[in-house]
$ cat protein-v7.cif   # mmCIF, C-alpha atoms
data_entry
loop_
_atom_site.group_PDB
_atom_site.id
_atom_site.type_symbol
_atom_site.label_atom_id
_atom_site.label_comp_id
_atom_site.auth_asym_id
_atom_site.auth_seq_id
_atom_site.Cartn_x
_atom_site.Cartn_y
_atom_site.Cartn_z
ATOM 1 C CA MET J 1 -23.244 -96.033 -25.010
ATOM 2 C CA GLU J 2 -20.474 -96.762 -22.547
ATOM 3 C CA TRP J 3 -18.333 -93.716 -21.799
ATOM 4 C CA VAL J 4 -15.355 -95.881 -20.872
ATOM 5 C CA GLU J 5 -13.885 -98.882 -22.660
ATOM 6 C CA ILE J 6 -11.122 -101.323 -21.810
ATOM 7 C CA ASP J 7 -8.943 -102.773 -24.537
ATOM 8 C CA THR J 8 -8.972 -106.421 -23.529
ATOM 9 C CA GLU J 9 -5.842 -107.142 -25.566
ATOM 10 C CA LYS J 10 -3.843 -104.589 -23.561
ATOM 11 C CA CYS J 11 -5.504 -105.181 -20.174
ATOM 12 C CA ASN J 12 -3.799 -107.657 -17.854
ATOM 13 C CA ASP J 13 -6.506 -107.454 -15.148
ATOM 14 C CA CYS J 14 -4.106 -105.831 -12.666
ATOM 15 C CA GLY J 15 -7.066 -104.131 -10.967
ATOM 16 C CA LEU J 16 -5.491 -100.698 -10.526
ATOM 17 C CA CYS J 17 -8.357 -98.955 -12.341
ATOM 18 C CA GLN J 18 -10.869 -100.699 -10.098
ATOM 19 C CA MET J 19 -8.944 -99.623 -7.017
ATOM 20 C CA VAL J 20 -9.252 -95.908 -7.963
ATOM 21 C CA CYS J 21 -12.849 -96.098 -9.259
ATOM 22 C CA ARG J 22 -15.323 -98.413 -7.578
ATOM 23 C CA LYS J 23 -18.304 -96.596 -9.104
ATOM 24 C CA CYS J 24 -17.720 -97.705 -12.687
ATOM 25 C CA ILE J 25 -15.208 -100.563 -12.612
ATOM 26 C CA PHE J 26 -15.705 -103.984 -11.082
ATOM 27 C CA ASN J 27 -13.593 -107.053 -10.476
ATOM 28 C CA LYS J 28 -15.681 -110.106 -11.270
ATOM 29 C CA GLU J 29 -13.852 -113.315 -10.452
ATOM 30 C CA GLY J 30 -10.476 -111.817 -11.327
ATOM 31 C CA LYS J 31 -11.668 -110.153 -14.550
ATOM 32 C CA ILE J 32 -12.112 -106.386 -14.860
ATOM 33 C CA SER J 33 -15.451 -105.181 -16.203
ATOM 34 C CA ILE J 34 -16.663 -101.631 -16.666
ATOM 35 C CA GLU J 35 -19.957 -99.757 -16.529
ATOM 36 C CA GLY J 36 -18.847 -96.204 -17.213
ATOM 37 C CA THR J 37 -22.031 -94.398 -18.192
ATOM 38 C CA GLU J 38 -23.602 -90.997 -17.625
ATOM 39 C CA GLN J 39 -25.312 -92.347 -14.509
ATOM 40 C CA ASN J 40 -22.165 -93.303 -12.611
ATOM 41 C CA CYS J 41 -19.116 -91.644 -14.263
ATOM 42 C CA ASN J 42 -18.213 -88.131 -13.077
ATOM 43 C CA LEU J 43 -15.403 -87.603 -15.613
ATOM 44 C CA CYS J 44 -12.578 -87.787 -13.080
ATOM 45 C CA GLY J 45 -10.322 -89.634 -15.557
ATOM 46 C CA ARG J 46 -8.486 -91.592 -12.866
ATOM 47 C CA CYS J 47 -9.069 -94.906 -14.636
ATOM 48 C CA VAL J 48 -7.158 -93.637 -17.678
ATOM 49 C CA ALA J 49 -4.447 -91.950 -15.600
ATOM 50 C CA ILE J 50 -3.644 -95.037 -13.484
ATOM 51 C CA CYS J 51 -3.466 -97.707 -16.205
ATOM 52 C CA PRO J 52 0.166 -98.755 -16.813
ATOM 53 C CA ARG J 53 -0.686 -100.394 -20.128
ATOM 54 C CA GLY J 54 -2.826 -97.662 -21.697
ATOM 55 C CA ALA J 55 -5.768 -100.054 -21.891
ATOM 56 C CA VAL J 56 -8.499 -97.650 -20.752
ATOM 57 C CA PHE J 57 -10.206 -95.323 -23.239
ATOM 58 C CA HIS J 58 -12.686 -92.580 -22.251
ATOM 59 C CA HIS J 59 -15.034 -91.423 -25.009
ATOM 60 C CA ARG J 60 -16.110 -88.221 -23.215
ATOM 61 C CA MET J 61 -12.612 -86.925 -22.463
ATOM 62 C CA ASP J 62 -9.721 -85.710 -24.639
ATOM 63 C CA MET J 63 -7.363 -88.676 -24.613
ATOM 64 C CA LYS J 64 -4.569 -86.475 -25.995
ATOM 65 C CA ASN J 65 -4.774 -84.399 -22.825
ATOM 66 C CA PHE J 66 -3.711 -87.263 -20.546
ATOM 67 C CA LEU J 67 -0.035 -86.342 -20.347
ATOM 68 C CA PRO J 68 2.782 -88.403 -18.800
ATOM 69 C CA ILE J 69 3.727 -87.358 -15.258
ATOM 70 C CA ASP J 70 7.400 -86.833 -14.464
ATOM 71 C CA LYS J 71 8.533 -89.215 -11.768
ATOM 72 C CA GLU J 72 10.545 -86.550 -9.992
ATOM 73 C CA ALA J 73 8.955 -83.477 -8.418
ATOM 74 C CA VAL J 74 9.958 -80.133 -9.932
ATOM 75 C CA PHE J 75 10.242 -78.529 -6.486
ATOM 76 C CA THR J 76 11.982 -79.738 -3.384
ATOM 77 C CA PRO J 77 9.828 -79.307 -0.263
ATOM 78 C CA ASP J 78 11.988 -76.383 0.897
ATOM 79 C CA ASN J 79 11.850 -74.655 -2.498
ATOM 80 C CA PHE J 80 8.104 -75.057 -2.706
ATOM 81 C CA MET J 81 7.588 -73.731 0.820
ATOM 82 C CA ASN J 82 9.691 -70.693 -0.073
ATOM 83 C CA PHE J 83 7.595 -70.172 -3.222
ATOM 84 C CA ILE J 84 4.372 -70.246 -1.172
ATOM 85 C CA ARG J 85 5.819 -67.781 1.318
ATOM 86 C CA ARG J 86 6.760 -65.329 -1.473
ATOM 87 C CA ARG J 87 3.097 -64.669 -2.244
ATOM 88 C CA ARG J 88 1.997 -61.188 -1.190
ATOM 89 C CA SER J 89 -1.169 -59.186 -1.752
ATOM 90 C CA HIS J 90 -0.310 -56.419 -4.232
ATOM 91 C CA ARG J 91 -2.341 -53.234 -4.693
ATOM 92 C CA LEU J 92 0.141 -51.160 -6.707
ATOM 93 C CA PHE J 93 0.443 -52.073 -10.376
ATOM 94 C CA ARG J 94 2.281 -50.750 -13.389
ATOM 95 C CA GLU J 95 0.207 -49.284 -16.211
ATOM 96 C CA GLN J 96 0.921 -52.247 -18.435
ATOM 97 C CA ALA J 97 -1.649 -54.486 -20.089
ATOM 98 C CA VAL J 98 -1.491 -58.199 -19.395
ATOM 99 C CA PRO J 99 -1.209 -60.193 -22.651
ATOM 100 C CA LYS J 100 -4.151 -62.434 -23.416
ATOM 101 C CA ALA J 101 -1.827 -65.449 -23.708
ATOM 102 C CA GLU J 102 -0.850 -65.057 -20.052
ATOM 103 C CA LEU J 103 -4.471 -64.690 -18.969
ATOM 104 C CA GLU J 104 -5.303 -67.834 -20.919
ATOM 105 C CA MET J 105 -2.565 -69.661 -19.024
ATOM 106 C CA LEU J 106 -4.176 -68.582 -15.749
ATOM 107 C CA VAL J 107 -7.513 -69.884 -17.020
ATOM 108 C CA GLU J 108 -5.837 -73.221 -17.747
ATOM 109 C CA ALA J 109 -4.482 -73.291 -14.192
ATOM 110 C CA CYS J 110 -8.027 -72.759 -12.925
ATOM 111 C CA ARG J 111 -9.273 -75.532 -15.199
ATOM 112 C CA TYR J 112 -7.174 -78.109 -13.372
ATOM 113 C CA ALA J 113 -8.195 -77.067 -9.849
ATOM 114 C CA PRO J 114 -10.114 -79.722 -7.909
ATOM 115 C CA THR J 115 -13.852 -79.303 -7.313
ATOM 116 C CA GLY J 116 -16.253 -80.963 -4.890
ATOM 117 C CA SER J 117 -17.668 -84.169 -6.426
ATOM 118 C CA ASN J 118 -15.639 -83.244 -9.540
ATOM 119 C CA VAL J 119 -18.469 -80.949 -10.699
ATOM 120 C CA GLN J 120 -16.032 -78.777 -12.726
ATOM 121 C CA ASP J 121 -18.522 -75.909 -12.892
ATOM 122 C CA VAL J 122 -16.419 -72.901 -11.864
ATOM 123 C CA GLU J 123 -16.780 -70.059 -14.369
ATOM 124 C CA LEU J 124 -14.766 -66.879 -14.901
ATOM 125 C CA LEU J 125 -15.542 -63.314 -15.845
ATOM 126 C CA ILE J 126 -12.303 -61.499 -16.758
ATOM 127 C CA ILE J 127 -12.632 -57.718 -17.004
ATOM 128 C CA GLN J 128 -9.960 -55.509 -18.567
ATOM 129 C CA ASP J 129 -12.054 -52.523 -19.613
ATOM 130 C CA LYS J 130 -10.912 -49.624 -17.411
ATOM 131 C CA GLU J 131 -14.257 -47.828 -17.498
ATOM 132 C CA ARG J 132 -16.161 -50.916 -16.449
ATOM 133 C CA ILE J 133 -13.701 -51.658 -13.652
ATOM 134 C CA GLN J 134 -14.106 -48.097 -12.386
ATOM 135 C CA ARG J 135 -17.889 -48.327 -12.616
ATOM 136 C CA LEU J 136 -17.934 -51.539 -10.574
ATOM 137 C CA SER J 137 -15.586 -49.945 -8.046
ATOM 138 C CA ASP J 138 -17.908 -46.957 -7.659
ATOM 139 C CA LEU J 139 -20.942 -49.218 -7.296
ATOM 140 C CA THR J 140 -19.163 -51.136 -4.557
ATOM 141 C CA VAL J 141 -18.449 -47.950 -2.623
ATOM 142 C CA ASP J 142 -22.087 -46.932 -3.142
ATOM 143 C CA PHE J 143 -23.136 -50.267 -1.639
ATOM 144 C CA PHE J 144 -21.064 -49.701 1.489
ATOM 145 C CA GLU J 145 -22.372 -46.163 1.878
ATOM 146 C CA GLN J 146 -25.906 -47.577 1.839
ATOM 147 C CA MET J 147 -24.893 -50.311 4.286
ATOM 148 C CA ILE J 148 -23.443 -47.714 6.664
ATOM 149 C CA ARG J 149 -26.722 -45.760 6.640
ATOM 150 C CA ASP J 150 -28.718 -48.945 7.299
ATOM 151 C CA ILE J 151 -26.506 -50.089 10.178
ATOM 152 C CA GLU J 152 -26.385 -46.672 11.832
ATOM 153 C CA GLY J 153 -30.180 -46.435 11.535
ATOM 154 C CA LYS J 154 -30.676 -49.852 13.137
ATOM 155 C CA MET J 155 -28.191 -49.075 15.914
ATOM 156 C CA ALA J 156 -29.884 -45.754 16.711
ATOM 157 C CA ALA J 157 -33.337 -47.367 16.820
ATOM 158 C CA LEU J 158 -32.228 -50.154 19.154
ATOM 159 C CA GLN J 159 -30.332 -47.795 21.440
ATOM 160 C CA SER J 160 -33.260 -45.395 21.693
ATOM 161 C CA ASP J 161 -35.489 -48.302 22.736
ATOM 162 C CA GLY J 162 -32.915 -49.523 25.229
ATOM 163 C CA GLN J 163 -32.581 -52.842 23.450
ATOM 164 C CA GLU J 164 -29.484 -55.030 23.331
ATOM 165 C CA ILE J 165 -27.428 -54.858 20.147
ATOM 166 C CA PRO J 166 -27.340 -58.286 18.399
ATOM 167 C CA ALA J 167 -23.871 -59.774 17.968
ATOM 168 C CA ASP J 168 -23.994 -59.736 14.165
ATOM 169 C CA LEU J 169 -25.031 -56.077 14.072
ATOM 170 C CA ALA J 170 -22.309 -55.158 16.596
ATOM 171 C CA PHE J 171 -19.764 -56.992 14.435
ATOM 172 C CA HIS J 172 -20.625 -54.912 11.368
ATOM 173 C CA ALA J 173 -20.929 -51.692 13.387
ATOM 174 C CA ALA J 174 -17.376 -52.122 14.665
ATOM 175 C CA ARG J 175 -16.175 -51.967 11.073
ATOM 176 C CA LEU J 176 -18.013 -48.833 10.006
ATOM 177 C CA ASP J 177 -15.016 -46.527 10.332
ATOM 178 C CA ALA J 178 -13.050 -48.702 7.904
ATOM 179 C CA ARG J 179 -15.980 -48.738 5.478
ATOM 180 C CA LYS J 180 -16.316 -44.942 5.674
ATOM 181 C CA ARG J 181 -12.711 -44.625 4.574
ATOM 182 C CA LEU J 182 -13.730 -46.115 1.211
ATOM 183 C CA SER J 183 -15.749 -42.994 0.441
ATOM 184 C CA VAL J 184 -12.930 -40.722 1.583
ATOM 185 C CA ALA J 185 -10.490 -42.556 -0.672
ATOM 186 C CA ARG J 186 -12.832 -42.253 -3.649
ATOM 187 C CA GLU J 187 -13.272 -38.543 -3.058
ATOM 188 C CA THR J 188 -9.499 -38.075 -3.261
ATOM 189 C CA GLY J 189 -9.386 -39.818 -6.645
ATOM 190 C CA LEU J 190 -8.255 -43.261 -5.504
ATOM 191 C CA ASP J 191 -9.804 -46.605 -6.381
ATOM 192 C CA PRO J 192 -10.302 -48.231 -2.952
ATOM 193 C CA ILE J 193 -11.764 -51.446 -4.392
ATOM 194 C CA PHE J 194 -9.711 -52.563 -7.419
ATOM 195 C CA HIS J 195 -6.721 -50.234 -6.928
ATOM 196 C CA ARG J 196 -6.469 -49.364 -10.642
ATOM 197 C CA ALA J 197 -5.495 -52.951 -11.447
ATOM 198 C CA PRO J 198 -5.495 -53.728 -15.176
ATOM 199 C CA VAL J 199 -7.368 -57.035 -14.718
ATOM 200 C CA VAL J 200 -10.211 -58.180 -12.493
ATOM 201 C CA MET J 201 -10.967 -61.909 -12.349
ATOM 202 C CA ILE J 202 -14.405 -62.828 -10.995
ATOM 203 C CA PHE J 203 -14.964 -66.480 -10.096
ATOM 204 C CA HIS J 204 -18.590 -67.577 -10.081
ATOM 205 C CA SER J 205 -20.453 -70.837 -9.862
ATOM 206 C CA PRO J 206 -23.940 -72.303 -9.650
ATOM 207 C CA ILE J 207 -25.250 -71.919 -6.113
ATOM 208 C CA LEU J 208 -26.835 -75.376 -6.079
ATOM 209 C CA THR J 209 -23.720 -77.462 -6.582
ATOM 210 C CA SER J 210 -21.113 -79.238 -4.528
ATOM 211 C CA THR J 211 -18.923 -76.858 -2.422
ATOM 212 C CA PRO J 212 -19.208 -73.774 -4.689
ATOM 213 C CA LYS J 213 -17.189 -71.447 -2.443
ATOM 214 C CA ASP J 214 -14.357 -73.936 -2.042
ATOM 215 C CA ASN J 215 -14.304 -74.642 -5.769
ATOM 216 C CA CYS J 216 -13.926 -70.987 -6.698
ATOM 217 C CA VAL J 217 -11.321 -70.178 -4.039
ATOM 218 C CA ILE J 218 -9.159 -73.169 -4.971
ATOM 219 C CA ALA J 219 -9.351 -72.207 -8.654
ATOM 220 C CA ALA J 220 -8.479 -68.620 -7.755
ATOM 221 C CA HIS J 221 -5.454 -69.703 -5.756
ATOM 222 C CA ASN J 222 -4.241 -71.831 -8.650
ATOM 223 C CA ALA J 223 -4.348 -68.594 -10.657
ATOM 224 C CA VAL J 224 -2.527 -66.707 -7.877
ATOM 225 C CA LEU J 225 0.411 -69.130 -7.776
ATOM 226 C CA THR J 226 0.603 -69.465 -11.555
ATOM 227 C CA ALA J 227 0.569 -65.664 -11.907
ATOM 228 C CA MET J 228 3.723 -65.475 -9.802
ATOM 229 C CA THR J 229 5.583 -67.620 -12.345
ATOM 230 C CA LEU J 230 4.629 -65.085 -15.046
ATOM 231 C CA GLY J 231 5.870 -62.041 -13.131
ATOM 232 C CA LEU J 232 2.288 -61.078 -12.227
ATOM 233 C CA GLU J 233 0.964 -60.401 -8.744
ATOM 234 C CA THR J 234 -2.538 -60.535 -7.305
ATOM 235 C CA CYS J 235 -4.823 -59.581 -4.440
ATOM 236 C CA TYR J 236 -8.105 -61.068 -3.259
ATOM 237 C CA ILE J 237 -10.908 -58.481 -3.169
ATOM 238 C CA GLY J 238 -13.440 -59.518 -0.544
ATOM 239 C CA LEU J 239 -15.127 -56.098 -0.526
ATOM 240 C CA PHE J 240 -16.412 -56.583 -4.054
ATOM 241 C CA GLU J 241 -17.462 -60.159 -3.358
ATOM 242 C CA ALA J 242 -19.502 -58.933 -0.374
ATOM 243 C CA ALA J 243 -21.398 -56.479 -2.552
ATOM 244 C CA ALA J 244 -21.635 -58.422 -5.805
ATOM 245 C CA ASN J 245 -24.291 -60.919 -4.775
ATOM 246 C CA ILE J 246 -26.739 -58.615 -2.988
ATOM 247 C CA TYR J 247 -26.468 -55.143 -4.545
ATOM 248 C CA SER J 248 -28.728 -55.082 -7.585
ATOM 249 C CA PRO J 249 -26.785 -52.455 -9.608
ATOM 250 C CA ILE J 250 -23.757 -54.759 -9.507
ATOM 251 C CA THR J 251 -25.680 -57.964 -10.188
ATOM 252 C CA ARG J 252 -27.244 -56.316 -13.249
ATOM 253 C CA ASP J 253 -23.840 -55.193 -14.510
ATOM 254 C CA LEU J 254 -22.260 -58.631 -14.054
ATOM 255 C CA ASN J 255 -25.237 -60.405 -15.635
ATOM 256 C CA LEU J 256 -24.158 -63.837 -14.388
ATOM 257 C CA PRO J 257 -25.987 -66.919 -15.655
ATOM 258 C CA GLU J 258 -29.242 -67.694 -13.835
ATOM 259 C CA GLY J 259 -28.692 -69.337 -10.442
ATOM 260 C CA GLN J 260 -25.034 -68.371 -10.139
ATOM 261 C CA GLN J 261 -23.154 -66.311 -7.576
ATOM 262 C CA VAL J 262 -19.727 -64.697 -7.121
ATOM 263 C CA TYR J 263 -17.521 -66.664 -4.729
ATOM 264 C CA SER J 264 -14.024 -65.195 -5.213
ATOM 265 C CA VAL J 265 -12.466 -62.105 -6.817
ATOM 266 C CA LEU J 266 -8.869 -61.317 -7.808
ATOM 267 C CA ILE J 267 -7.110 -58.270 -9.161
ATOM 268 C CA LEU J 268 -3.839 -58.779 -10.976
ATOM 269 C CA GLY J 269 -1.147 -57.054 -12.973
ATOM 270 C CA TYR J 270 2.562 -56.335 -13.117
ATOM 271 C CA PRO J 271 3.602 -55.017 -9.702
ATOM 272 C CA LYS J 272 5.203 -51.655 -9.091
ATOM 273 C CA LEU J 273 7.034 -52.983 -6.037
ATOM 274 C CA ARG J 274 9.040 -56.108 -5.274
ATOM 275 C CA TYR J 275 9.261 -57.440 -1.731
ATOM 276 C CA LEU J 276 12.714 -58.461 -0.560
ATOM 277 C CA ARG J 277 11.787 -60.776 2.308
ATOM 278 C CA THR J 278 9.097 -63.227 3.271
ATOM 279 C CA VAL J 279 7.006 -62.175 6.259
ATOM 280 C CA ASP J 280 6.188 -63.684 9.625
ATOM 281 C CA ARG J 281 2.796 -65.238 10.383
ATOM 282 C CA LYS J 282 1.163 -66.361 13.603
ATOM 283 C CA PRO J 283 1.524 -70.126 14.188
ATOM 284 C CA ILE J 284 -1.624 -72.089 13.407
ATOM 285 C CA GLN J 285 -3.257 -73.653 16.438
ATOM 286 C CA VAL J 286 -3.136 -77.415 15.948
ATOM 287 C CA ARG J 287 -4.659 -80.283 17.926
ATOM 288 C CA TRP J 288 -3.116 -83.708 17.325
ATOM 289 C CA ALA J 289 -5.412 -86.661 17.920
#
$ encode --input "protein-v7.cif" --output "structure tokens"
Amino acid sequence: MEWVEIDTEKCNDCGLCQMVCRKCIFNKEGKISIEGTEQNCNLCGRCVAICPRGAVFHHRMDMKNFLPIDKEAVFTPDNFMNFIRRRRSHRLFREQAVPKAELEMLVEACRYAPTGSNVQDVELLIIQDKERIQRLSDLTVDFFEQMIRDIEGKMAALQSDGQEIPADLAFHAARLDARKRLSVARETGLDPIFHRAPVVMIFHSPILTSTPKDNCVIAAHNAVLTAMTLGLETCYIGLFEAAANIYSPITRDLNLPEGQQVYSVLILGYPKLRYLRTVDRKPIQVRWA
């Protein structure tokens, strides 16, 4: 069965659908024909979205979810740039639960993030249980304590043999003092990983897919910007991501589907603090060609 159909009574053969999809739609002697099947359609929906006459119907997509686009942008360029610059990483949150309706809105924002080859295979694990969040935080600190022992052991062995320290090992060794501070913070009763945030969002994806890391990070940043409109703030947690895919106690706890991996992690909640100014950033080095 064809996934895509064209209503020949509505179609005027303008060719716009063929211009945006040359995999499924063909112009044969001025007439539009379609071969939208499982073999060549990747469910992008552009053929439906571009048709000015509503002549294209997709059987595998929710036609009610193709909504009209306002002709005018909601943001001016200056307003949107200011909105982007307002984003800050927050690690201090109020003890206030985030309503499920708001979390569902963030999931919807992730749903509409682009993915490589339109694979649409980003998945989410949303954790709100305080005990589980604390357990995963402790496991992450445990992971770094083990890593510190391993790196210091390797460094000592190489130095005693008079061997050169490899660049990758030197890179990690230079960060050991920062990693040791995680244990100190835990001993004082702090949560150095998730910072007592009420929600942890874990973005995971099949490993063998198109651009899995990019897909998850883009989805996560859709959630970050949408959260700001709801009065929520966020922070990326790379420390947990570093541990989640290689430390077996964490992988067992997460119990991701077979063949999947964590590619991005967010904490979020209602912030205790509000920043009053945007901040400076180093200019990006650009080469114009």
$ resolve_selection --input "protein-v7.cif" --expression "the PyMOL selection byres ((chain J and resi 240) around 8)" --output "list in words"
Ser137, Thr140, Ile193, Ile237, Gly238, Leu239, Glu241, Ala242, Ala243, Ala244 and Val265 of chain J
$ resolve_selection --input "protein-v7.cif" --expression "the PyMOL selection byres ((chain J and resi 66) around 9)" --output "number ranges by chain"
J: 45, 48-49, 62-65, 67-68
$ closest_residue --input "protein-v7.cif" --among "J:Leu103, J:Met81, J:Ala113, J:Ala55" --to "Asp7 in chain J" --atoms "all atoms listed in the file"
J:Ala55
$ closest_residue --input "protein-v7.cif" --among "J:Leu124, J:Ile165, J:Cys47, J:Met61" --to "Ala223 in chain J" --atoms "all atoms listed in the file"
J:Leu124
$ atom_distance --input "protein-v7.cif" --atom1 "CA of Glu233 in chain J" --atom2 "CA of Asp253 in chain J"
26.0 Å
$ closest_residue --input "protein-v7.cif" --among "J:Met155, J:Val286, J:Ile202, J:Met105" --to "Leu230 in chain J" --atoms "only C-alpha atoms"
J:Met105
$ closest_residue --input "protein-v7.cif" --among "J:Ser117, J:Ser264, J:Gln18, J:Thr76" --to "Cys216 in chain J" --atoms "all atoms listed in the file"
J:Ser264
$ atom_distance --input "protein-v7.cif" --atom1 "CA of Gly54 in chain J" --atom2 "CA of Phe75 in chain J"
27.7 Å
$ decode --input "protein-v7.cif" --residues "range 11-23 of chain J" --atoms "N, CA and C atoms" --output "JSON list (two decimals), in the first residue's frame"
[["chain", "number", "residue", "atom", "x", "y", "z"],
["J", 11, "CYS", "N", -5.14, 18.52, -6.92],
["J", 11, "CYS", "CA", -3.77, 18.79, -7.38],
["J", 11, "CYS", "C", -3.80, 19.56, -8.70],
["J", 12, "ASN", "N", -2.96, 20.59, -8.78],
["J", 12, "ASN", "CA", -2.83, 21.35, -10.02],
["J", 12, "ASN", "C", -1.46, 21.17, -10.66],
["J", 13, "ASP", "N", -0.73, 20.13, -10.20],
["J", 13, "ASP", "CA", 0.58, 19.79, -10.77],
["J", 13, "ASP", "C", 1.58, 20.94, -10.66],
["J", 14, "CYS", "N", 1.51, 21.70, -9.55],
["J", 14, "CYS", "CA", 2.43, 22.82, -9.38],
["J", 14, "CYS", "C", 3.87, 22.36, -9.17],
["J", 15, "GLY", "N", 4.05, 21.14, -8.65],
["J", 15, "GLY", "CA", 5.39, 20.57, -8.50],
["J", 15, "GLY", "C", 6.09, 20.91, -7.21],
["J", 16, "LEU", "N", 5.43, 21.64, -6.29],
["J", 16, "LEU", "CA", 6.10, 22.00, -5.05],
["J", 16, "LEU", "C", 6.46, 20.77, -4.22],
["J", 17, "CYS", "N", 5.55, 19.79, -4.16],
["J", 17, "CYS", "CA", 5.83, 18.58, -3.38],
["J", 17, "CYS", "C", 7.03, 17.83, -3.95],
["J", 18, "GLN", "N", 7.16, 17.83, -5.26],
["J", 18, "GLN", "CA", 8.29, 17.14, -5.89],
["J", 18, "GLN", "C", 9.60, 17.87, -5.64],
["J", 19, "MET", "N", 9.51, 19.20, -5.50],
["J", 19, "MET", "CA", 10.71, 19.98, -5.22],
["J", 19, "MET", "C", 11.27, 19.68, -3.83],
["J", 20, "VAL", "N", 10.38, 19.39, -2.84],
["J", 20, "VAL", "CA", 10.86, 19.14, -1.47],
["J", 20, "VAL", "C", 11.08, 17.66, -1.19],
["J", 21, "CYS", "N", 10.62, 16.77, -2.08],
["J", 21, "CYS", "CA", 10.84, 15.33, -1.89],
["J", 21, "CYS", "C", 11.05, 14.66, -3.24],
["J", 22, "ARG", "N", 12.30, 14.42, -3.56],
["J", 22, "ARG", "CA", 12.63, 13.76, -4.82],
["J", 22, "ARG", "C", 12.82, 12.26, -4.66],
["J", 23, "LYS", "N", 12.60, 11.78, -3.41],
["J", 23, "LYS", "CA", 12.69, 10.34, -3.16],
["J", 23, "LYS", "C", 11.38, 9.63, -3.51]]
